[in-house]
Amino acid sequence: MQKLRIDQDIKPLSEVRSSMATYIRQIHETRRPLIITQRGKSAAVLVDVQEFEAMQEKIELLSDIHSSLSQLEKGEGINHKDAKNMLLERISE
């Protein structure tokens with residue numbers, strides 16, 4: 001995802017509502033999110049679908065890493081050599 005450009009990527013809801021197609025095109029082309037404000041405060045973020053999916057994948061990966069680290073701290077993990085041997089055995093079956 002591209003870095004937010006405050007001068008271009010924060011718009012009031014009334015403006016977005018009247019020009020939705022324009023702003024959807026903008027987020028597709030720039031890959032930057034659009035912050036939508038309501039009554040002067042941030043209310044929502046409009047993000048390109050591909051960017052949203054990429055964010056979801058990153059969150060899932062980070063969650064898996066966090067879970068793995070927690071398991072290792074509890075002594076529930078296995079060392080690299082044993083994991084490699086387990087995988088090689090599965091492949092050869």
# chains A, B, ... in the order shown; residues from 1 in each chain; ligands from 1
>>> residues_around(residues="region 42-46 of chain A", least_positions_apart="2", cutoff="10 Å", atoms="only C-alpha atoms", output="PyMOL selection string")
chain A and resi 9-13+23-24+27+32-40+48-49+52
>>> write_last_selection(atoms="C-alpha atoms", output="compact mmCIF listing (two decimals), in the first residue's frame")
# COMPACT_ATOMS: atom_id res chain seq x y z
CA ASP A 9 -6.45 11.32 0.59
CA ILE A 10 -8.71 12.77 3.26
CA LYS A 11 -12.17 13.78 2.07
CA PRO A 12 -15.48 14.61 3.75
CA LEU A 13 -18.33 12.12 3.37
CA TYR A 23 -12.66 8.23 -5.61
CA ILE A 24 -12.90 4.51 -6.35
CA ILE A 27 -7.74 4.36 -4.96
CA ARG A 32 -3.50 4.70 -1.52
CA PRO A 33 -6.38 4.50 0.95
CA LEU A 34 -8.95 7.27 1.19
CA ILE A 35 -9.85 8.54 4.65
CA ILE A 36 -13.49 9.61 4.82
CA THR A 37 -14.44 12.14 7.46
CA GLN A 38 -17.80 12.89 9.00
CA ARG A 39 -18.39 16.06 10.99
CA GLY A 40 -14.67 16.80 10.82
CA ASP A 48 -8.60 -1.00 -2.98
CA VAL A 49 -9.71 -4.66 -2.88
CA PHE A 52 -7.25 -5.10 1.43
>>> select_by_dssp(residues="region 17-88 of chain A", states="strand (DSSP E)", output="ChimeraX atom specification")
/A:34-38,41-46
>>> atom_distance(atom1="CA of Met1 (chain A)", atom2="CA of Arg31 (chain A)")
5.8 Å
>>> atom_distance(atom1="CA of Thr22 (chain A)", atom2="CA of Val47 (chain A)")
13.5 Å
>>> closest_residue(among="A:Ser68, A:Ser92, A:Gln8, A:Ser14", to="Gln26 (chain A)", atoms="only C-alpha atoms")
A:Gln8
>>> atom_distance(atom1="CA of Arg17 (chain A)", atom2="CA of Thr30 (chain A)")
19.5 Å
>>> select_by_dssp(residues="chain A", states="helix (DSSP H, G or I)", output="PDB file with N, CA and C atoms, in the first residue's frame")
ATOM      1  N   ILE A   6      -1.841  13.245   2.771  1.00  0.00           N
ATOM      2  CA  ILE A   6      -2.875  13.943   3.532  1.00  0.00           C
ATOM      3  C   ILE A   6      -3.612  14.984   2.708  1.00  0.00           C
ATOM      4  N   ASP A   7      -2.912  15.677   1.842  1.00  0.00           N
ATOM      5  CA  ASP A   7      -3.561  16.725   1.045  1.00  0.00           C
ATOM      6  C   ASP A   7      -4.516  16.168  -0.009  1.00  0.00           C
ATOM      7  N   GLN A   8      -4.384  14.870  -0.356  1.00  0.00           N
ATOM      8  CA  GLN A   8      -5.219  14.296  -1.407  1.00  0.00           C
ATOM      9  C   GLN A   8      -6.117  13.161  -0.928  1.00  0.00           C
ATOM     10  N   ASP A   9      -5.802  12.573   0.206  1.00  0.00           N
ATOM     11  CA  ASP A   9      -6.449  11.322   0.589  1.00  0.00           C
ATOM     12  C   ASP A   9      -7.357  11.410   1.815  1.00  0.00           C
ATOM     13  N   LEU A  13     -17.322  13.056   3.872  1.00  0.00           N
ATOM     14  CA  LEU A  13     -18.325  12.121   3.365  1.00  0.00           C
ATOM     15  C   LEU A  13     -19.201  12.744   2.289  1.00  0.00           C
ATOM     16  N   SER A  14     -19.610  13.983   2.469  1.00  0.00           N
ATOM     17  CA  SER A  14     -20.482  14.630   1.481  1.00  0.00           C
ATOM     18  C   SER A  14     -19.815  14.691   0.101  1.00  0.00           C
ATOM     19  N   GLU A  15     -18.517  14.941   0.062  1.00  0.00           N
ATOM     20  CA  GLU A  15     -17.797  15.007  -1.210  1.00  0.00           C
ATOM     21  C   GLU A  15     -17.640  13.612  -1.816  1.00  0.00           C
ATOM     22  N   VAL A  16     -17.334  12.630  -0.978  1.00  0.00           N
ATOM     23  CA  VAL A  16     -17.173  11.257  -1.473  1.00  0.00           C
ATOM     24  C   VAL A  16     -18.502  10.741  -2.007  1.00  0.00           C
ATOM     25  N   ARG A  17     -19.579  11.016  -1.289  1.00  0.00           N
ATOM     26  CA  ARG A  17     -20.905  10.550  -1.696  1.00  0.00           C
ATOM     27  C   ARG A  17     -21.268  11.071  -3.085  1.00  0.00           C
ATOM     28  N   SER A  18     -20.935  12.317  -3.368  1.00  0.00           N
ATOM     29  CA  SER A  18     -21.315  12.897  -4.657  1.00  0.00           C
ATOM     30  C   SER A  18     -20.372  12.503  -5.797  1.00  0.00           C
ATOM     31  N   MET A  20     -18.396   9.295  -5.827  1.00  0.00           N
ATOM     32  CA  MET A  20     -17.878   7.980  -5.432  1.00  0.00           C
ATOM     33  C   MET A  20     -17.063   7.323  -6.532  1.00  0.00           C
ATOM     34  N   ALA A  21     -17.538   7.333  -7.767  1.00  0.00           N
ATOM     35  CA  ALA A  21     -16.813   6.685  -8.865  1.00  0.00           C
ATOM     36  C   ALA A  21     -15.417   7.287  -9.035  1.00  0.00           C
ATOM     37  N   THR A  22     -15.304   8.577  -8.876  1.00  0.00           N
ATOM     38  CA  THR A  22     -14.012   9.258  -8.996  1.00  0.00           C
ATOM     39  C   THR A  22     -13.043   8.766  -7.923  1.00  0.00           C
ATOM     40  N   TYR A  23     -13.537   8.638  -6.701  1.00  0.00           N
ATOM     41  CA  TYR A  23     -12.663   8.232  -5.607  1.00  0.00           C
ATOM     42  C   TYR A  23     -12.311   6.746  -5.677  1.00  0.00           C
ATOM     43  N   ILE A  24     -13.224   5.933  -6.162  1.00  0.00           N
ATOM     44  CA  ILE A  24     -12.897   4.514  -6.355  1.00  0.00           C
ATOM     45  C   ILE A  24     -11.804   4.386  -7.414  1.00  0.00           C
ATOM     46  N   ARG A  25     -11.911   5.144  -8.481  1.00  0.00           N
ATOM     47  CA  ARG A  25     -10.875   5.145  -9.517  1.00  0.00           C
ATOM     48  C   ARG A  25      -9.537   5.615  -8.926  1.00  0.00           C
ATOM     49  N   GLN A  26      -9.587   6.631  -8.087  1.00  0.00           N
ATOM     50  CA  GLN A  26      -8.367   7.161  -7.463  1.00  0.00           C
ATOM     51  C   GLN A  26      -7.659   6.096  -6.622  1.00  0.00           C
ATOM     52  N   ILE A  27      -8.403   5.367  -5.801  1.00  0.00           N
ATOM     53  CA  ILE A  27      -7.739   4.362  -4.960  1.00  0.00           C
ATOM     54  C   ILE A  27      -7.210   3.193  -5.791  1.00  0.00           C
ATOM     55  N   HIS A  28      -7.870   2.875  -6.902  1.00  0.00           N
ATOM     56  CA  HIS A  28      -7.356   1.827  -7.789  1.00  0.00           C
ATOM     57  C   HIS A  28      -6.041   2.267  -8.440  1.00  0.00           C
ATOM     58  N   GLU A  29      -6.004   3.504  -8.891  1.00  0.00           N
ATOM     59  CA  GLU A  29      -4.829   4.006  -9.616  1.00  0.00           C
ATOM     60  C   GLU A  29      -3.648   4.282  -8.697  1.00  0.00           C
ATOM     61  N   THR A  30      -3.909   4.862  -7.533  1.00  0.00           N
ATOM     62  CA  THR A  30      -2.810   5.277  -6.651  1.00  0.00           C
ATOM     63  C   THR A  30      -2.403   4.208  -5.650  1.00  0.00           C
ATOM     64  N   VAL A  49      -9.482  -3.266  -3.252  1.00  0.00           N
ATOM     65  CA  VAL A  49      -9.712  -4.665  -2.885  1.00  0.00           C
ATOM     66  C   VAL A  49      -8.401  -5.451  -2.821  1.00  0.00           C
ATOM     67  N   GLN A  50      -7.544  -5.287  -3.792  1.00  0.00           N
ATOM     68  CA  GLN A  50      -6.269  -6.015  -3.789  1.00  0.00           C
ATOM     69  C   GLN A  50      -5.416  -5.615  -2.592  1.00  0.00           C
ATOM     70  N   GLU A  51      -5.423  -4.344  -2.247  1.00  0.00           N
ATOM     71  CA  GLU A  51      -4.672  -3.872  -1.084  1.00  0.00           C
ATOM     72  C   GLU A  51      -5.264  -4.456   0.196  1.00  0.00           C
ATOM     73  N   PHE A  52      -6.582  -4.522   0.259  1.00  0.00           N
ATOM     74  CA  PHE A  52      -7.248  -5.096   1.433  1.00  0.00           C
ATOM     75  C   PHE A  52      -6.882  -6.573   1.590  1.00  0.00           C
ATOM     76  N   GLU A  53      -6.916  -7.316   0.492  1.00  0.00           N
ATOM     77  CA  GLU A  53      -6.552  -8.737   0.544  1.00  0.00           C
ATOM     78  C   GLU A  53      -5.104  -8.916   0.979  1.00  0.00           C
ATOM     79  N   ALA A  54      -4.211  -8.074   0.483  1.00  0.00           N
ATOM     80  CA  ALA A  54      -2.800  -8.146   0.876  1.00  0.00           C
ATOM     81  C   ALA A  54      -2.649  -7.860   2.375  1.00  0.00           C
ATOM     82  N   MET A  55      -3.404  -6.895   2.876  1.00  0.00           N
ATOM     83  CA  MET A  55      -3.356  -6.594   4.313  1.00  0.00           C
ATOM     84  C   MET A  55      -3.857  -7.775   5.127  1.00  0.00           C
ATOM     85  N   GLN A  56      -4.923  -8.415   4.666  1.00  0.00           N
ATOM     86  CA  GLN A  56      -5.466  -9.579   5.368  1.00  0.00           C
ATOM     87  C   GLN A  56      -4.434 -10.704   5.433  1.00  0.00           C
ATOM     88  N   GLU A  57      -3.744 -10.938   4.315  1.00  0.00           N
ATOM     89  CA  GLU A  57      -2.717 -11.977   4.275  1.00  0.00           C
ATOM     90  C   GLU A  57      -1.580 -11.663   5.242  1.00  0.00           C
ATOM     91  N   LYS A  58      -1.176 -10.402   5.303  1.00  0.00           N
ATOM     92  CA  LYS A  58      -0.103 -10.005   6.213  1.00  0.00           C
ATOM     93  C   LYS A  58      -0.536 -10.185   7.668  1.00  0.00           C
ATOM     94  N   ILE A  59      -1.766  -9.825   7.958  1.00  0.00           N
ATOM     95  CA  ILE A  59      -2.278  -9.993   9.322  1.00  0.00           C
ATOM     96  C   ILE A  59      -2.294 -11.465   9.700  1.00  0.00           C
ATOM     97  N   GLU A  60      -2.729 -12.318   8.781  1.00  0.00           N
ATOM     98  CA  GLU A  60      -2.773 -13.755   9.048  1.00  0.00           C
ATOM     99  C   GLU A  60      -1.368 -14.301   9.285  1.00  0.00           C
ATOM    100  N   LEU A  61      -0.417 -13.882   8.466  1.00  0.00           N
ATOM    101  CA  LEU A  61       0.964 -14.330   8.627  1.00  0.00           C
ATOM    102  C   LEU A  61       1.532 -13.875   9.968  1.00  0.00           C
ATOM    103  N   LEU A  62       1.306 -12.616  10.324  1.00  0.00           N
ATOM    104  CA  LEU A  62       1.799 -12.109  11.608  1.00  0.00           C
ATOM    105  C   LEU A  62       1.154 -12.833  12.775  1.00  0.00           C
ATOM    106  N   SER A  63      -0.117 -13.164  12.648  1.00  0.00           N
ATOM    107  CA  SER A  63      -0.813 -13.919  13.690  1.00  0.00           C
ATOM    108  C   SER A  63      -0.203 -15.310  13.848  1.00  0.00           C
ATOM    109  N   ASP A  64       0.097 -15.960  12.712  1.00  0.00           N
ATOM    110  CA  ASP A  64       0.734 -17.274  12.746  1.00  0.00           C
ATOM    111  C   ASP A  64       2.109 -17.201  13.405  1.00  0.00           C
ATOM    112  N   ILE A  65       2.871 -16.172  13.079  1.00  0.00           N
ATOM    113  CA  ILE A  65       4.195 -15.997  13.685  1.00  0.00           C
ATOM    114  C   ILE A  65       4.069 -15.793  15.185  1.00  0.00           C
ATOM    115  N   HIS A  66       3.112 -14.964  15.585  1.00  0.00           N
ATOM    116  CA  HIS A  66       2.886 -14.714  17.009  1.00  0.00           C
ATOM    117  C   HIS A  66       2.517 -16.010  17.738  1.00  0.00           C
ATOM    118  N   SER A  67       1.637 -16.793  17.148  1.00  0.00           N
ATOM    119  CA  SER A  67       1.250 -18.073  17.745  1.00  0.00           C
ATOM    120  C   SER A  67       2.449 -19.006  17.861  1.00  0.00           C
ATOM    121  N   SER A  68       3.261 -19.040  16.817  1.00  0.00           N
ATOM    122  CA  SER A  68       4.449 -19.894  16.823  1.00  0.00           C
ATOM    123  C   SER A  68       5.425 -19.483  17.916  1.00  0.00           C
ATOM    124  N   LEU A  69       5.647 -18.190  18.060  1.00  0.00           N
ATOM    125  CA  LEU A  69       6.553 -17.711  19.100  1.00  0.00           C
ATOM    126  C   LEU A  69       6.025 -18.049  20.487  1.00  0.00           C
ATOM    127  N   SER A  70       4.728 -17.932  20.673  1.00  0.00           N
ATOM    128  CA  SER A  70       4.115 -18.283  21.961  1.00  0.00           C
ATOM    129  C   SER A  70       4.299 -19.766  22.256  1.00  0.00           C
ATOM    130  N   GLN A  71       4.111 -20.596  21.242  1.00  0.00           N
ATOM    131  CA  GLN A  71       4.302 -22.039  21.422  1.00  0.00           C
ATOM    132  C   GLN A  71       5.749 -22.364  21.765  1.00  0.00           C
ATOM    133  N   LEU A  72       6.688 -21.703  21.103  1.00  0.00           N
ATOM    134  CA  LEU A  72       8.099 -21.944  21.394  1.00  0.00           C
ATOM    135  C   LEU A  72       8.451 -21.531  22.827  1.00  0.00           C
ATOM    136  N   GLU A  73       7.905 -20.402  23.277  1.00  0.00           N
ATOM    137  CA  GLU A  73       8.154 -19.946  24.641  1.00  0.00           C
ATOM    138  C   GLU A  73       7.628 -20.934  25.677  1.00  0.00           C
ATOM    139  N   HIS A  80      14.489 -27.475  14.314  1.00  0.00           N
ATOM    140  CA  HIS A  80      14.498 -27.439  12.850  1.00  0.00           C
ATOM    141  C   HIS A  80      14.806 -28.808  12.257  1.00  0.00           C
ATOM    142  N   LYS A  81      15.806 -29.480  12.804  1.00  0.00           N
ATOM    143  CA  LYS A  81      16.227 -30.777  12.271  1.00  0.00           C
ATOM    144  C   LYS A  81      15.079 -31.789  12.327  1.00  0.00           C
ATOM    145  N   ASP A  82      14.366 -31.841  13.468  1.00  0.00           N
ATOM    146  CA  ASP A  82      13.244 -32.774  13.600  1.00  0.00           C
ATOM    147  C   ASP A  82      12.102 -32.409  12.654  1.00  0.00           C
ATOM    148  N   ALA A  83      11.824 -31.125  12.515  1.00  0.00           N
ATOM    149  CA  ALA A  83      10.760 -30.687  11.602  1.00  0.00           C
ATOM    150  C   ALA A  83      11.099 -31.064  10.161  1.00  0.00           C
ATOM    151  N   LYS A  84      12.352 -30.854   9.788  1.00  0.00           N
ATOM    152  CA  LYS A  84      12.790 -31.187   8.429  1.00  0.00           C
ATOM    153  C   LYS A  84      12.644 -32.682   8.177  1.00  0.00           C
ATOM    154  N   ASN A  85      13.070 -33.492   9.139  1.00  0.00           N
ATOM    155  CA  ASN A  85      12.954 -34.940   8.973  1.00  0.00           C
ATOM    156  C   ASN A  85      11.499 -35.391   8.866  1.00  0.00           C
ATOM    157  N   MET A  86      10.623 -34.770   9.643  1.00  0.00           N
ATOM    158  CA  MET A  86       9.190 -35.107   9.577  1.00  0.00           C
ATOM    159  C   MET A  86       8.639 -34.810   8.193  1.00  0.00           C
ATOM    160  N   LEU A  87       8.999 -33.649   7.644  1.00  0.00           N
ATOM    161  CA  LEU A  87       8.526 -33.270   6.315  1.00  0.00           C
ATOM    162  C   LEU A  87       9.072 -34.191   5.239  1.00  0.00           C
ATOM    163  N   LEU A  88      10.348 -34.528   5.330  1.00  0.00           N
ATOM    164  CA  LEU A  88      10.937 -35.419   4.347  1.00  0.00           C
ATOM    165  C   LEU A  88      10.285 -36.804   4.386  1.00  0.00           C
ATOM    166  N   GLU A  89       9.942 -37.268   5.582  1.00  0.00           N
ATOM    167  CA  GLU A  89       9.259 -38.568   5.700  1.00  0.00           C
ATOM    168  C   GLU A  89       7.881 -38.519   5.035  1.00  0.00           C
ATOM    169  N   ARG A  90       7.171 -37.414   5.229  1.00  0.00           N
ATOM    170  CA  ARG A  90       5.837 -37.281   4.619  1.00  0.00           C
ATOM    171  C   ARG A  90       5.925 -37.269   3.109  1.00  0.00           C
ATOM    172  N   ILE A  91       6.947 -36.594   2.582  1.00  0.00           N
ATOM    173  CA  ILE A  91       7.098 -36.491   1.134  1.00  0.00           C
ATOM    174  C   ILE A  91       7.425 -37.841   0.522  1.00  0.00           C
ATOM    175  N   SER A  92       8.231 -38.628   1.206  1.00  0.00           N
ATOM    176  CA  SER A  92       8.671 -39.909   0.644  1.00  0.00           C
ATOM    177  C   SER A  92       7.609 -41.000   0.745  1.00  0.00           C
TER     178      SER A  92
END
>>> decode(residues="region 27-61 of chain A", atoms="N, CA, C and O atoms", output="short mmCIF file (atom, residue, chain, number, x, y, z; two decimals), in the first residue's frame")
data_model
loop_
_atom_site.label_atom_id
_atom_site.label_comp_id
_atom_site.auth_asym_id
_atom_site.auth_seq_id
_atom_site.Cartn_x
_atom_site.Cartn_y
_atom_site.Cartn_z
N ILE A 27 -8.40 5.37 -5.80
CA ILE A 27 -7.74 4.36 -4.96
C ILE A 27 -7.21 3.19 -5.79
O ILE A 27 -6.18 2.61 -5.44
N HIS A 28 -7.87 2.88 -6.90
CA HIS A 28 -7.36 1.83 -7.79
C HIS A 28 -6.04 2.27 -8.44
O HIS A 28 -5.10 1.49 -8.52
N GLU A 29 -6.00 3.50 -8.89
CA GLU A 29 -4.83 4.01 -9.62
C GLU A 29 -3.65 4.28 -8.70
O GLU A 29 -2.51 3.99 -9.05
N THR A 30 -3.91 4.86 -7.53
CA THR A 30 -2.81 5.28 -6.65
C THR A 30 -2.40 4.21 -5.65
O THR A 30 -1.32 4.28 -5.09
N ARG A 31 -3.30 3.23 -5.40
CA ARG A 31 -3.08 2.20 -4.37
C ARG A 31 -2.97 2.81 -2.97
O ARG A 31 -2.43 2.22 -2.06
N ARG A 32 -3.48 4.04 -2.83
CA ARG A 32 -3.50 4.70 -1.52
C ARG A 32 -4.91 4.64 -0.97
O ARG A 32 -5.88 4.73 -1.71
N PRO A 33 -5.04 4.50 0.35
CA PRO A 33 -6.38 4.50 0.95
C PRO A 33 -6.96 5.92 0.94
O PRO A 33 -6.24 6.89 0.79
N LEU A 34 -8.26 5.98 1.09
CA LEU A 34 -8.95 7.27 1.19
C LEU A 34 -9.61 7.34 2.56
O LEU A 34 -10.41 6.46 2.91
N ILE A 35 -9.25 8.34 3.33
CA ILE A 35 -9.85 8.54 4.65
C ILE A 35 -11.10 9.39 4.45
O ILE A 35 -11.05 10.46 3.86
N ILE A 36 -12.22 8.90 4.95
CA ILE A 36 -13.49 9.61 4.82
C ILE A 36 -13.82 10.20 6.19
O ILE A 36 -13.82 9.48 7.19
N THR A 37 -14.11 11.49 6.20
CA THR A 37 -14.44 12.14 7.46
C THR A 37 -15.94 12.45 7.53
O THR A 37 -16.61 12.58 6.51
N GLN A 38 -16.40 12.53 8.74
CA GLN A 38 -17.80 12.89 9.00
C GLN A 38 -17.80 13.84 10.19
O GLN A 38 -17.26 13.52 11.24
N ARG A 39 -18.38 15.01 9.98
CA ARG A 39 -18.39 16.06 10.99
C ARG A 39 -16.97 16.41 11.47
O ARG A 39 -16.71 16.61 12.65
N GLY A 40 -16.04 16.39 10.52
CA GLY A 40 -14.67 16.80 10.82
C GLY A 40 -13.79 15.74 11.47
O GLY A 40 -12.64 16.02 11.79
N LYS A 41 -14.31 14.54 11.67
CA LYS A 41 -13.53 13.48 12.30
C LYS A 41 -13.46 12.27 11.36
O LYS A 41 -14.40 12.01 10.61
N SER A 42 -12.37 11.53 11.45
CA SER A 42 -12.25 10.35 10.60
C SER A 42 -13.36 9.37 10.93
O SER A 42 -13.68 9.14 12.08
N ALA A 43 -13.97 8.79 9.88
CA ALA A 43 -15.11 7.89 10.07
C ALA A 43 -14.91 6.54 9.39
O ALA A 43 -15.42 5.53 9.86
N ALA A 44 -14.17 6.52 8.28
CA ALA A 44 -14.00 5.27 7.54
C ALA A 44 -12.78 5.38 6.63
O ALA A 44 -12.27 6.47 6.39
N VAL A 45 -12.36 4.22 6.13
CA VAL A 45 -11.24 4.16 5.20
C VAL A 45 -11.70 3.35 3.99
O VAL A 45 -12.21 2.24 4.14
N LEU A 46 -11.50 3.89 2.82
CA LEU A 46 -11.82 3.20 1.57
C LEU A 46 -10.51 2.69 0.98
O LEU A 46 -9.57 3.46 0.77
N VAL A 47 -10.43 1.37 0.78
CA VAL A 47 -9.19 0.74 0.34
C VAL A 47 -9.47 -0.12 -0.89
O VAL A 47 -10.52 -0.75 -0.98
N ASP A 48 -8.52 -0.15 -1.80
CA ASP A 48 -8.60 -1.00 -2.98
C ASP A 48 -8.71 -2.46 -2.54
O ASP A 48 -8.09 -2.88 -1.57
N VAL A 49 -9.48 -3.27 -3.25
CA VAL A 49 -9.71 -4.66 -2.88
C VAL A 49 -8.40 -5.45 -2.82
O VAL A 49 -8.17 -6.21 -1.88
N GLN A 50 -7.54 -5.29 -3.79
CA GLN A 50 -6.27 -6.02 -3.79
C GLN A 50 -5.42 -5.61 -2.59
O GLN A 50 -4.76 -6.46 -1.98
N GLU A 51 -5.42 -4.34 -2.25
CA GLU A 51 -4.67 -3.87 -1.08
C GLU A 51 -5.26 -4.46 0.20
O GLU A 51 -4.54 -4.85 1.10
N PHE A 52 -6.58 -4.52 0.26
CA PHE A 52 -7.25 -5.10 1.43
C PHE A 52 -6.88 -6.57 1.59
O PHE A 52 -6.55 -7.02 2.69
N GLU A 53 -6.92 -7.32 0.49
CA GLU A 53 -6.55 -8.74 0.54
C GLU A 53 -5.10 -8.92 0.98
O GLU A 53 -4.80 -9.81 1.76
N ALA A 54 -4.21 -8.07 0.48
CA ALA A 54 -2.80 -8.15 0.88
C ALA A 54 -2.65 -7.86 2.37
O ALA A 54 -1.87 -8.53 3.06
N MET A 55 -3.40 -6.90 2.88
CA MET A 55 -3.36 -6.59 4.31
C MET A 55 -3.86 -7.78 5.13
O MET A 55 -3.28 -8.12 6.16
N GLN A 56 -4.92 -8.42 4.67
CA GLN A 56 -5.47 -9.58 5.37
C GLN A 56 -4.43 -10.70 5.43
O GLN A 56 -4.28 -11.36 6.46
N GLU A 57 -3.74 -10.94 4.32
CA GLU A 57 -2.72 -11.98 4.27
C GLU A 57 -1.58 -11.66 5.24
O GLU A 57 -1.08 -12.56 5.93
N LYS A 58 -1.18 -10.40 5.30
CA LYS A 58 -0.10 -10.01 6.21
C LYS A 58 -0.54 -10.18 7.67
O LYS A 58 0.25 -10.66 8.50
N ILE A 59 -1.77 -9.83 7.96
CA ILE A 59 -2.28 -9.99 9.32
C ILE A 59 -2.29 -11.47 9.70
O ILE A 59 -1.89 -11.84 10.81
N GLU A 60 -2.73 -12.32 8.78
CA GLU A 60 -2.77 -13.75 9.05
C GLU A 60 -1.37 -14.30 9.29
O GLU A 60 -1.14 -15.09 10.21
N LEU A 61 -0.42 -13.88 8.47
CA LEU A 61 0.96 -14.33 8.63
C LEU A 61 1.53 -13.87 9.97
O LEU A 61 2.15 -14.66 10.69
#
